[in-house]
$ cat upload-v4.cif   # mmCIF, C-alpha atoms
data_start
#
loop_
_atom_site.label_atom_id
_atom_site.label_comp_id
_atom_site.auth_asym_id
_atom_site.auth_seq_id
_atom_site.Cartn_x
_atom_site.Cartn_y
_atom_site.Cartn_z
CA MET A 14 7.08 -1.68 5.35
CA ARG A 15 5.93 -0.90 8.84
CA LYS A 16 8.53 -0.79 11.56
CA ILE A 17 8.08 -2.03 15.13
CA GLY A 18 9.14 -0.29 18.30
CA THR A 19 12.23 -2.29 19.11
CA GLY A 20 14.30 0.76 19.89
CA ILE A 21 17.27 2.15 18.04
CA VAL A 22 20.83 1.44 18.99
CA ALA A 23 22.57 4.61 20.12
CA ILE A 24 24.34 6.12 17.15
CA ALA A 25 27.88 7.27 17.78
CA ALA A 26 29.06 10.44 16.14
CA THR A 27 31.78 9.85 13.56
CA THR A 28 32.82 11.66 10.45
CA VAL A 29 31.10 10.49 7.27
CA LEU A 30 32.86 11.45 4.07
CA LEU A 31 30.67 12.55 1.21
CA ALA A 32 30.29 10.64 -2.04
CA GLY A 33 33.26 11.08 -4.32
CA CYS A 34 35.82 10.59 -1.57
CA SER A 35 37.55 7.22 -1.74
CA GLY A 36 40.82 5.53 -1.10
CA GLY A 37 41.90 2.13 0.14
CA SER A 38 43.05 1.18 3.59
CA THR A 39 46.29 1.91 5.35
CA PRO A 40 48.02 -1.40 6.13
CA SER A 41 47.80 -2.56 9.72
CA ASP A 42 50.76 -2.56 12.08
CA SER A 43 51.79 -5.97 10.79
CA GLY A 44 52.27 -4.39 7.36
CA ASN A 45 50.37 -6.97 5.38
CA ALA A 46 46.85 -8.17 4.52
CA GLU A 47 46.97 -10.77 7.27
CA GLY A 48 47.25 -8.25 10.08
CA GLY A 49 44.58 -8.65 12.77
CA SER A 50 43.37 -6.09 15.28
CA GLY A 51 45.58 -3.21 16.24
CA GLY A 52 46.01 -0.14 14.08
CA GLY A 53 45.50 0.47 10.42
CA SER A 54 42.37 1.78 8.78
CA LEU A 55 39.43 0.60 6.73
CA VAL A 56 37.35 2.43 4.15
CA VAL A 57 33.68 1.39 3.96
CA TRP A 58 31.29 2.42 1.21
CA THR A 59 27.64 2.79 2.21
CA ASP A 60 24.55 4.64 1.14
CA ALA A 61 23.09 7.43 3.25
CA ASN A 62 20.31 5.30 4.79
CA ARG A 63 22.63 2.77 6.34
CA ALA A 64 25.49 5.06 7.29
CA PRO A 65 24.27 5.93 10.82
CA ALA A 66 23.80 2.27 11.75
CA ILE A 67 27.25 1.32 10.47
CA GLU A 68 28.74 4.28 12.38
CA ALA A 69 27.79 2.73 15.71
CA ALA A 70 29.60 -0.54 14.96
CA ALA A 71 32.52 1.39 13.47
CA LYS A 72 32.94 3.47 16.64
CA ALA A 73 33.03 0.36 18.79
CA PHE A 74 35.56 -1.23 16.43
CA GLU A 75 37.75 1.88 16.55
CA ASP A 76 37.62 2.07 20.36
CA GLU A 77 38.45 -1.60 20.86
CA THR A 78 41.02 -2.22 18.12
CA GLY A 79 42.56 1.15 17.33
CA THR A 80 41.57 0.72 13.70
CA LYS A 81 40.23 3.85 12.03
CA ILE A 82 37.16 3.45 9.84
CA GLU A 83 36.18 6.00 7.23
CA LEU A 84 32.63 5.81 5.91
CA VAL A 85 32.16 7.03 2.35
CA GLN A 86 28.59 7.78 1.33
CA LYS A 87 27.74 6.71 -2.22
CA ASN A 88 24.61 6.60 -4.30
CA PHE A 89 23.62 2.96 -4.16
CA GLU A 90 23.09 2.90 -7.95
CA ASP A 91 26.76 3.82 -8.47
CA ILE A 92 28.33 1.25 -6.18
CA ARG A 93 28.57 -1.73 -8.56
CA ASN A 94 30.35 0.10 -11.39
CA ASP A 95 32.50 2.24 -9.11
CA PHE A 96 33.65 -0.81 -7.16
CA ILE A 97 34.58 -2.72 -10.32
CA ASN A 98 36.41 0.29 -11.75
CA GLN A 99 38.22 1.50 -8.63
CA VAL A 100 39.27 -1.66 -6.80
CA PRO A 101 41.91 -2.65 -9.40
CA THR A 102 43.45 0.83 -9.19
CA GLY A 103 43.83 0.74 -5.42
CA GLU A 104 41.31 3.55 -4.99
CA GLY A 105 38.35 1.39 -3.96
CA PRO A 106 37.17 0.65 -0.41
CA ASP A 107 38.00 -2.27 1.83
CA ILE A 108 34.29 -3.02 2.33
CA THR A 109 31.18 -2.03 0.44
CA VAL A 110 27.50 -2.55 0.98
CA GLY A 111 25.80 -4.10 -2.05
CA ALA A 112 23.11 -6.35 -3.46
CA HIS A 113 23.76 -10.04 -4.01
CA ASP A 114 23.12 -9.70 -7.73
CA PHE A 115 26.35 -7.66 -7.94
CA LEU A 116 28.19 -10.90 -7.19
CA GLY A 117 28.50 -12.35 -10.68
CA SER A 118 30.08 -9.22 -12.10
CA PHE A 119 32.31 -8.79 -9.02
CA VAL A 120 33.66 -12.34 -9.30
CA SER A 121 34.14 -12.02 -13.05
CA ALA A 122 36.10 -8.80 -12.53
CA GLY A 123 38.16 -10.32 -9.69
CA VAL A 124 37.39 -7.48 -7.30
CA VAL A 125 35.81 -9.33 -4.37
CA ASP A 126 37.27 -11.69 -1.77
CA THR A 127 35.78 -14.71 -0.03
CA ILE A 128 34.67 -14.47 3.59
CA ASP A 129 34.47 -16.96 6.45
CA LEU A 130 31.42 -16.35 8.64
CA GLY A 131 32.30 -19.17 11.04
CA ASP A 132 29.50 -19.96 13.48
CA LYS A 133 27.77 -16.69 12.54
CA ALA A 134 26.52 -18.42 9.39
CA ASP A 135 24.07 -20.35 11.58
CA GLN A 136 22.49 -17.04 12.62
CA ILE A 137 21.64 -16.10 9.02
CA GLU A 138 18.77 -17.40 6.89
CA LYS A 139 19.99 -20.07 4.47
CA VAL A 140 18.54 -18.33 1.40
CA ALA A 141 20.69 -15.30 2.23
CA VAL A 142 23.87 -17.35 2.54
CA ASP A 143 23.04 -19.12 -0.72
CA ALA A 144 22.60 -15.75 -2.42
CA PHE A 145 26.17 -14.72 -1.59
CA THR A 146 27.59 -18.11 -2.61
CA TYR A 147 29.19 -18.40 -6.05
CA ASP A 148 30.79 -21.60 -7.35
CA GLY A 149 30.65 -22.98 -3.82
CA GLN A 150 32.47 -20.01 -2.24
CA LEU A 151 30.91 -17.43 0.10
CA TYR A 152 31.71 -13.86 -0.99
CA GLY A 153 29.90 -11.63 1.47
CA PHE A 154 28.12 -11.07 4.76
CA PRO A 155 24.37 -11.04 4.00
CA TYR A 156 22.04 -9.23 6.33
CA ALA A 157 18.72 -8.26 4.66
CA LEU A 158 16.12 -9.80 2.34
CA GLU A 159 13.41 -8.68 -0.03
CA THR A 160 10.78 -10.78 -1.73
CA ILE A 161 7.16 -10.89 -2.81
CA ALA A 162 4.21 -12.72 -1.27
CA LEU A 163 0.47 -13.21 -1.51
CA VAL A 164 -1.47 -10.24 -0.19
CA GLN A 165 -5.15 -10.85 0.50
CA ASN A 166 -8.09 -8.58 1.31
CA THR A 167 -9.24 -9.95 4.65
CA ASP A 168 -12.54 -8.09 4.44
CA LEU A 169 -13.36 -10.30 1.45
CA VAL A 170 -11.61 -13.62 2.09
CA GLY A 171 -10.43 -13.62 5.69
CA GLU A 172 -6.91 -14.33 6.91
CA GLU A 173 -6.56 -18.05 6.19
CA ALA A 174 -3.95 -18.82 3.57
CA PRO A 175 -5.31 -20.62 0.50
CA SER A 176 -3.94 -24.13 0.08
CA SER A 177 -3.37 -23.77 -3.67
CA PHE A 178 -3.95 -21.39 -6.57
CA ASP A 179 -7.23 -23.12 -7.39
CA ASP A 180 -8.34 -22.88 -3.76
CA MET A 181 -7.49 -19.16 -3.83
CA ILE A 182 -9.66 -18.55 -6.89
CA ALA A 183 -12.53 -20.57 -5.40
CA ARG A 184 -12.40 -18.62 -2.12
CA ALA A 185 -12.51 -15.31 -3.97
CA GLN A 186 -15.40 -16.41 -6.15
CA THR A 187 -17.35 -17.61 -3.11
CA ALA A 188 -16.76 -14.22 -1.50
CA GLY A 189 -18.20 -12.51 -4.60
CA ALA A 190 -15.04 -10.62 -5.48
CA GLU A 191 -15.29 -8.78 -8.79
CA ARG A 192 -11.76 -9.97 -9.60
CA PRO A 193 -10.51 -13.04 -7.73
CA PHE A 194 -6.86 -12.24 -8.38
CA VAL A 195 -4.66 -9.63 -10.05
CA ILE A 196 -0.96 -9.79 -10.78
CA ASN A 197 1.38 -7.29 -12.39
CA THR A 198 2.51 -8.29 -15.87
CA ALA A 199 4.11 -4.91 -16.61
CA GLY A 200 1.58 -4.50 -19.40
CA GLN A 201 3.05 -5.63 -22.72
CA LYS A 202 6.55 -5.99 -21.23
CA GLY A 203 5.98 -9.05 -19.06
CA ASP A 204 7.05 -9.63 -15.49
CA ALA A 205 8.63 -13.05 -15.06
CA TYR A 206 10.01 -11.89 -11.70
CA THR A 207 6.55 -11.58 -10.14
CA MET A 208 5.30 -14.76 -11.85
CA TYR A 209 8.29 -16.84 -10.73
CA GLY A 210 6.69 -18.33 -7.61
CA PHE A 211 4.01 -19.95 -9.73
CA GLN A 212 6.61 -21.16 -12.25
CA THR A 213 8.75 -22.85 -9.60
CA SER A 214 5.70 -24.63 -8.23
CA PHE A 215 5.82 -26.64 -11.48
CA GLY A 216 9.47 -27.57 -10.91
CA ALA A 217 10.80 -25.25 -13.60
CA PRO A 218 13.61 -23.05 -12.17
CA VAL A 219 15.26 -20.56 -14.50
CA PHE A 220 18.69 -22.09 -13.74
CA VAL A 221 19.57 -25.23 -11.78
CA GLN A 222 21.27 -24.83 -8.39
CA ASP A 223 24.00 -27.22 -7.24
CA ALA A 224 24.39 -28.77 -3.78
CA THR A 225 26.10 -25.63 -2.42
CA GLY A 226 23.23 -23.38 -3.48
CA SER A 227 25.28 -21.87 -6.31
CA TYR A 228 23.56 -21.43 -9.66
CA THR A 229 24.87 -23.41 -12.60
CA THR A 230 24.40 -22.31 -16.22
CA GLU A 231 22.05 -25.24 -16.86
CA VAL A 232 18.65 -23.86 -17.90
CA GLY A 233 16.06 -25.53 -15.69
CA MET A 234 12.81 -24.31 -17.18
CA GLY A 235 12.67 -26.66 -20.14
CA GLY A 236 11.04 -30.06 -20.27
CA ALA A 237 7.80 -31.23 -18.72
CA GLY A 238 7.82 -28.76 -15.82
CA GLY A 239 8.24 -25.74 -18.05
CA GLU A 240 5.62 -26.94 -20.49
CA ALA A 241 3.17 -27.55 -17.65
CA PHE A 242 3.71 -24.01 -16.34
CA ALA A 243 3.28 -22.52 -19.81
CA THR A 244 0.06 -24.47 -20.29
CA TRP A 245 -1.22 -23.25 -16.91
CA LEU A 246 -0.26 -19.66 -17.77
CA GLY A 247 -2.20 -19.84 -21.03
CA ALA A 248 -5.23 -21.37 -19.31
CA HIS A 249 -5.41 -18.42 -16.90
CA GLY A 250 -4.50 -15.81 -19.54
CA GLU A 251 -6.61 -13.65 -21.79
CA ALA A 252 -7.79 -16.55 -23.94
CA GLY A 253 -8.57 -18.61 -20.85
CA SER A 254 -10.11 -17.73 -17.49
CA GLY A 255 -8.62 -14.23 -17.61
CA GLU A 256 -7.13 -13.88 -14.12
CA ILE A 257 -3.76 -13.00 -15.71
CA SER A 258 -3.82 -10.15 -18.21
CA THR A 259 -1.37 -7.89 -20.02
CA THR A 260 -3.68 -4.97 -19.20
CA ILE A 261 -2.44 -5.08 -15.59
CA ASP A 262 0.67 -3.03 -14.92
CA TYR A 263 2.12 -2.20 -11.51
CA ASP A 264 -0.06 0.83 -10.76
CA THR A 265 -3.27 -0.74 -12.13
CA ASN A 266 -2.64 -3.83 -10.03
CA ASN A 267 -2.33 -1.79 -6.85
CA GLU A 268 -5.32 0.40 -7.66
CA LEU A 269 -7.63 -2.57 -8.28
CA PHE A 270 -6.64 -4.16 -5.01
CA ALA A 271 -6.85 -0.93 -3.01
CA ALA A 272 -10.35 -0.30 -4.40
CA GLY A 273 -11.54 -3.65 -3.01
CA THR A 274 -12.10 -4.97 -6.53
CA ALA A 275 -9.56 -7.81 -6.25
CA ALA A 276 -9.37 -10.32 -3.42
CA TYR A 277 -5.74 -11.37 -3.88
CA THR A 278 -2.53 -10.09 -5.46
CA VAL A 279 1.18 -10.89 -5.41
CA GLN A 280 3.33 -7.94 -4.36
CA GLY A 281 6.31 -6.88 -2.29
CA PRO A 282 6.49 -4.96 1.00
CA TRP A 283 7.24 -1.81 -0.98
CA ALA A 284 3.62 -1.85 -2.25
CA ILE A 285 1.80 -2.31 1.06
CA GLU A 286 1.17 1.40 1.51
CA ALA A 287 -0.43 1.64 -1.95
CA LEU A 288 -2.45 -1.55 -1.48
CA THR A 289 -3.95 -0.30 1.79
CA ALA A 290 -4.38 3.35 0.75
CA ASN A 291 -8.19 3.12 0.89
CA GLY A 292 -8.33 1.33 4.22
CA VAL A 293 -8.29 -2.24 2.87
CA ASN A 294 -7.29 -4.69 5.60
CA VAL A 295 -4.68 -7.20 4.48
CA LYS A 296 -2.97 -10.42 5.44
CA VAL A 297 0.33 -11.49 3.89
CA ASN A 298 0.90 -15.20 3.24
CA PRO A 299 3.30 -17.32 1.15
CA ILE A 300 2.40 -17.62 -2.54
CA PRO A 301 0.11 -20.63 -3.09
CA SER A 302 1.27 -23.46 -5.30
CA ALA A 303 -0.20 -23.75 -8.79
CA GLY A 304 1.76 -26.83 -9.89
CA GLY A 305 1.94 -28.95 -6.76
CA GLU A 306 5.45 -28.08 -5.59
CA THR A 307 6.40 -25.24 -3.24
CA ALA A 308 6.02 -21.80 -4.79
CA ALA A 309 9.51 -20.33 -4.47
CA PRO A 310 9.68 -16.63 -5.35
CA PHE A 311 12.92 -14.80 -6.03
CA VAL A 312 14.65 -13.39 -2.96
CA GLY A 313 16.96 -10.40 -3.20
CA VAL A 314 19.65 -10.07 -0.53
CA GLN A 315 21.69 -7.12 0.68
CA GLY A 316 25.02 -7.48 2.39
CA PHE A 317 28.66 -6.44 2.61
CA TYR A 318 31.59 -7.35 0.34
CA ILE A 319 35.33 -7.30 1.03
CA SER A 320 37.64 -5.99 -1.71
CA SER A 321 40.12 -8.44 -3.18
CA GLU A 322 42.69 -5.60 -3.06
CA SER A 323 42.17 -4.67 0.59
CA ALA A 324 45.44 -4.35 2.49
CA ASN A 325 43.63 -5.42 5.67
CA LYS A 326 41.35 -8.29 4.73
CA LEU A 327 41.36 -9.89 8.17
CA LEU A 328 40.52 -6.57 9.80
CA ALA A 329 37.67 -6.15 7.32
CA GLN A 330 36.39 -9.64 8.05
CA GLU A 331 36.69 -9.07 11.80
CA PHE A 332 34.64 -5.89 11.54
CA LEU A 333 31.88 -7.67 9.62
CA THR A 334 31.74 -10.94 11.55
CA THR A 335 32.36 -9.58 15.07
CA TYR A 336 30.98 -6.04 15.11
CA LEU A 337 28.22 -6.02 12.49
CA ALA A 338 27.17 -9.61 13.17
CA THR A 339 25.48 -8.83 16.48
CA ASP A 340 21.86 -8.41 17.54
CA ASP A 341 22.36 -4.71 18.31
CA ALA A 342 24.12 -3.89 15.03
CA GLN A 343 21.55 -5.81 13.01
CA ARG A 344 18.71 -4.07 14.83
CA ALA A 345 20.32 -0.70 14.09
CA LEU A 346 20.55 -1.57 10.38
CA TYR A 347 16.89 -2.61 10.39
CA GLU A 348 15.76 0.58 12.11
CA ALA A 349 17.81 2.70 9.71
CA ASP A 350 16.53 0.94 6.58
CA PRO A 351 13.74 -1.55 7.39
CA ARG A 352 14.35 -4.40 4.97
CA LEU A 353 13.42 -7.95 5.96
CA PRO A 354 16.21 -9.12 8.29
CA ALA A 355 18.26 -12.18 7.40
CA TRP A 356 19.57 -12.31 10.99
CA LYS A 357 17.39 -15.00 12.57
CA THR A 358 16.98 -13.56 16.06
CA LEU A 359 16.02 -10.17 14.68
CA ALA A 360 13.67 -11.79 12.16
CA ALA A 361 11.88 -13.54 15.03
CA GLU A 362 11.69 -10.26 16.93
CA VAL A 363 10.18 -8.17 14.13
CA SER A 364 7.76 -10.94 13.17
CA SER A 365 5.43 -9.52 15.82
CA ASP A 366 4.38 -7.32 12.89
CA PRO A 367 2.12 -9.64 10.85
CA VAL A 368 3.01 -7.96 7.56
CA VAL A 369 6.72 -8.53 8.18
CA ALA A 370 5.99 -12.09 9.33
CA GLY A 371 4.12 -12.86 6.11
CA PHE A 372 6.93 -11.66 3.87
CA LEU A 373 9.52 -13.52 5.95
CA ALA A 374 7.47 -16.71 5.59
CA SER A 375 7.40 -16.19 1.83
CA ALA A 376 11.17 -15.55 1.76
CA ALA A 377 11.73 -18.81 3.67
CA ASN A 378 10.17 -20.63 0.69
CA GLY A 379 12.15 -18.59 -1.83
CA VAL A 380 15.38 -18.88 -3.78
CA PRO A 381 18.00 -16.24 -4.55
CA GLN A 382 17.56 -14.36 -7.78
CA PRO A 383 20.47 -15.67 -9.91
CA SER A 384 23.55 -13.46 -9.81
CA ILE A 385 25.42 -15.28 -12.57
CA PRO A 386 26.25 -13.11 -15.61
CA GLU A 387 24.14 -15.37 -17.86
CA MET A 388 20.99 -14.07 -16.16
CA GLY A 389 21.33 -10.85 -18.14
CA SER A 390 20.59 -12.78 -21.34
CA VAL A 391 17.37 -14.29 -19.97
CA TRP A 392 15.00 -11.51 -18.94
CA ASP A 393 13.90 -10.11 -22.32
CA LEU A 394 13.30 -13.52 -23.90
CA TRP A 395 11.56 -14.85 -20.80
CA ASN A 396 9.27 -11.84 -20.36
CA ALA A 397 8.34 -11.76 -24.04
CA ALA A 398 7.39 -15.44 -24.06
CA GLN A 399 5.12 -15.00 -21.06
CA VAL A 400 3.37 -12.03 -22.67
CA GLN A 401 2.82 -14.01 -25.86
CA ILE A 402 1.32 -16.91 -23.91
CA ILE A 403 -0.90 -14.67 -21.77
CA LYS A 404 -2.22 -13.02 -24.93
CA GLY A 405 -3.24 -16.41 -26.37
CA GLY A 406 -0.16 -17.76 -28.15
CA ASP A 407 0.45 -21.51 -28.20
CA PRO A 408 1.92 -22.18 -24.73
CA VAL A 409 4.16 -25.17 -25.35
CA SER A 410 5.73 -24.09 -28.64
CA THR A 411 6.21 -20.51 -27.42
CA TRP A 412 7.85 -21.70 -24.22
CA ASN A 413 10.13 -24.23 -25.88
CA THR A 414 11.26 -21.66 -28.43
CA MET A 415 12.12 -19.30 -25.59
CA VAL A 416 14.12 -21.99 -23.78
CA THR A 417 16.07 -22.78 -26.96
CA ASP A 418 16.75 -19.08 -27.51
CA VAL A 419 17.96 -18.65 -23.93
CA GLN A 420 20.30 -21.61 -24.25
CA ALA A 421 21.71 -20.13 -27.46
CA ALA A 422 22.07 -16.67 -25.89
CA ILE A 423 24.13 -17.95 -22.95
CA GLY A 424 26.24 -20.18 -25.18
#
$ encode --input "upload-v4.cif" --output "structure tokens"
Amino acid sequence: MRKIGTGIVAIAATTVLLAGCSGGSTPSDSGNAEGGSGGGSLVVWTDANRAPAIEAAAKAFEDETGTKIELVQKNFEDIRNDFINQVPTGEGPDITVGAHDFLGSFVSAGVVDTIDLGDKADQIEKVAVDAFTYDGQLYGFPYALETIALVQNTDLVGEEAPSSFDDMIARAQTAGAERPFVINTAGQKGDAYTMYGFQTSFGAPVFVQDATGSYTTEVGMGGAGGEAFATWLGAHGEAGSGEISTTIDYDTNNELFAAGTAAYTVQGPWAIEALTANGVNVKVNPIPSAGGETAAPFVGVQGFYISSESANKLLAQEFLTTYLATDDAQRALYEADPRLPAWKTLAAEVSSDPVVAGFLASAANGVPQPSIPEMGSVWDLWNAAQVQIIKGGDPVSTWNTMVTDVQAAIG
């Protein structure tokens, strides 16, 4: 994703320990987990990209509270398992960076503590807060988003967002595009993640969310909404109009769009460089509805967790909600690792970049990707059913069989 020239917060020099170093906090002067500012230490796990930005907030926290903060650099891919394994032994950190889909396994393992954001919650996009909410409890400080959106070739179809999927296809056909629309299906593997915005526009969520935003284990993609989506998917698949095909994997999708062959695609900010490699001009808009309801793609969220075994939980919370929850700290995190910001004032600031603005608009329509453990039993069955339908299988019976199999798999 392109970055804008907002300036980078001055980075203070502190010692960053290399991956492999660990160790919990030293209790604060009060000698217990309820000790506030004044002495003690915190250990924070981070990846290399975000370490410099966290250093600046850590230096300010050290200077103002006397608390020492040690930053431990970890490979991001190792954080989930290492946190689960080390926290119970007392060797884990007080705080770790992590993705929201770590949450289900963290709660199940009992290694993460709740957090009170206070009035800072109002400064964070609701979808991000929902993502870190589990059984009605908030378990982290969310700060960054990622999602997919509609990307359109403005040389072919202009910048105006289509009002619906059918309107999108009609606009592309009027423009004479060789392919009105392409979407990654991961070939024969299926890609329910990328297709999810269209599915939710039929009112068929993978799991039902409760009033707090937490996911329940109730499968939501059965019934009339799911059947309507499956029927639509088959109608636009290889036995239908052909816009959706199992011949389109990630790279083929990007190549067709970059060549000017396709007018529209659905992709994430990570693909913009590939999509514009041949000089194609693009506009990013929210995904158009296919079923009449809002197309709500999955949103991934990054944030910070507090260990359930931290000896200084209030110090850890104070660091997150007072020192990282500021415009300057959030801007530093964005400049260090430019993910879509969940911090509202920063999101408004970086929306001067139209590509960023388009993905943020799509994220505002989105829902968190479920972090509940049951989600692990869904993907293979869900992807396979979509592939079968796209290839010409009976939509309704294939879909209903998948829903029944998912319900059985999650018990």
$ closest_atom_pairs --input "upload-v4.cif" --of "region 364-398 of chain A" --to "region 109-124 of chain A" --cutoff "12 Å" --atoms "only C-alpha atoms" --output "CSV"
residue,atom,partner,partner_atom,distance
A:Pro381,CA,A:His113,CA,8.5
A:Gln382,CA,A:Asp114,CA,7.3
A:Pro383,CA,A:Asp114,CA,6.9
A:Ser384,CA,A:Asp114,CA,4.3
A:Ile385,CA,A:Gly117,CA,4.7
A:Pro386,CA,A:Gly117,CA,5.5
A:Glu387,CA,A:Gly117,CA,8.9
A:Met388,CA,A:Gly117,CA,9.5
A:Gly389,CA,A:Gly117,CA,10.5
$ atom_distance --input "upload-v4.cif" --atom1 "CA of Tyr347 (chain A)" --atom2 "CA of Pro299 (chain A)"
22.1 Å
$ atom_distance --input "upload-v4.cif" --atom1 "CA of Gly304 (chain A)" --atom2 "CA of Glu268 (chain A)"
28.2 Å
$ resolve_selection --input "upload-v4.cif" --expression "the PyMOL selection byres ((chain A and resi 158-175) around 8)" --output "PyMOL selection string"
chain A and resi 141+156-157+176-178+180-181+184-185+188+190+207+270+273+275-282+293-301+310-315+352-355+371-372+375-376+379
$ write_last_selection --input "upload-v4.cif" --atoms "C-alpha atoms" --output "mmCIF file, keeping the file's coordinate frame"
data_model
loop_
_atom_site.group_PDB
_atom_site.id
_atom_site.type_symbol
_atom_site.label_atom_id
_atom_site.label_comp_id
_atom_site.auth_asym_id
_atom_site.auth_seq_id
_atom_site.Cartn_x
_atom_site.Cartn_y
_atom_site.Cartn_z
ATOM 1 C CA ALA A 141 20.690 -15.300 2.230
ATOM 2 C CA TYR A 156 22.040 -9.230 6.330
ATOM 3 C CA ALA A 157 18.720 -8.260 4.660
ATOM 4 C CA SER A 176 -3.940 -24.130 0.080
ATOM 5 C CA SER A 177 -3.370 -23.770 -3.670
ATOM 6 C CA PHE A 178 -3.950 -21.390 -6.570
ATOM 7 C CA ASP A 180 -8.340 -22.880 -3.760
ATOM 8 C CA MET A 181 -7.490 -19.160 -3.830
ATOM 9 C CA ARG A 184 -12.400 -18.620 -2.120
ATOM 10 C CA ALA A 185 -12.510 -15.310 -3.970
ATOM 11 C CA ALA A 188 -16.760 -14.220 -1.500
ATOM 12 C CA ALA A 190 -15.040 -10.620 -5.480
ATOM 13 C CA THR A 207 6.550 -11.580 -10.140
ATOM 14 C CA PHE A 270 -6.640 -4.160 -5.010
ATOM 15 C CA GLY A 273 -11.540 -3.650 -3.010
ATOM 16 C CA ALA A 275 -9.560 -7.810 -6.250
ATOM 17 C CA ALA A 276 -9.370 -10.320 -3.420
ATOM 18 C CA TYR A 277 -5.740 -11.370 -3.880
ATOM 19 C CA THR A 278 -2.530 -10.090 -5.460
ATOM 20 C CA VAL A 279 1.180 -10.890 -5.410
ATOM 21 C CA GLN A 280 3.330 -7.940 -4.360
ATOM 22 C CA GLY A 281 6.310 -6.880 -2.290
ATOM 23 C CA PRO A 282 6.490 -4.960 1.000
ATOM 24 C CA VAL A 293 -8.290 -2.240 2.870
ATOM 25 C CA ASN A 294 -7.290 -4.690 5.600
ATOM 26 C CA VAL A 295 -4.680 -7.200 4.480
ATOM 27 C CA LYS A 296 -2.970 -10.420 5.440
ATOM 28 C CA VAL A 297 0.330 -11.490 3.890
ATOM 29 C CA ASN A 298 0.900 -15.200 3.240
ATOM 30 C CA PRO A 299 3.300 -17.320 1.150
ATOM 31 C CA ILE A 300 2.400 -17.620 -2.540
ATOM 32 C CA PRO A 301 0.110 -20.630 -3.090
ATOM 33 C CA PRO A 310 9.680 -16.630 -5.350
ATOM 34 C CA PHE A 311 12.920 -14.800 -6.030
ATOM 35 C CA VAL A 312 14.650 -13.390 -2.960
ATOM 36 C CA GLY A 313 16.960 -10.400 -3.200
ATOM 37 C CA VAL A 314 19.650 -10.070 -0.530
ATOM 38 C CA GLN A 315 21.690 -7.120 0.680
ATOM 39 C CA ARG A 352 14.350 -4.400 4.970
ATOM 40 C CA LEU A 353 13.420 -7.950 5.960
ATOM 41 C CA PRO A 354 16.210 -9.120 8.290
ATOM 42 C CA ALA A 355 18.260 -12.180 7.400
ATOM 43 C CA GLY A 371 4.120 -12.860 6.110
ATOM 44 C CA PHE A 372 6.930 -11.660 3.870
ATOM 45 C CA SER A 375 7.400 -16.190 1.830
ATOM 46 C CA ALA A 376 11.170 -15.550 1.760
ATOM 47 C CA GLY A 379 12.150 -18.590 -1.830
#
$ resolve_selection --input "upload-v4.cif" --expression "the PyMOL selection byres ((chain A and resi 219-236) around 9)" --output "PyMOL selection string"
chain A and resi 140+142-150+209+212-213+216-218+237-241+381+383-385+387-388+391+412-413+416-417+419-420+423
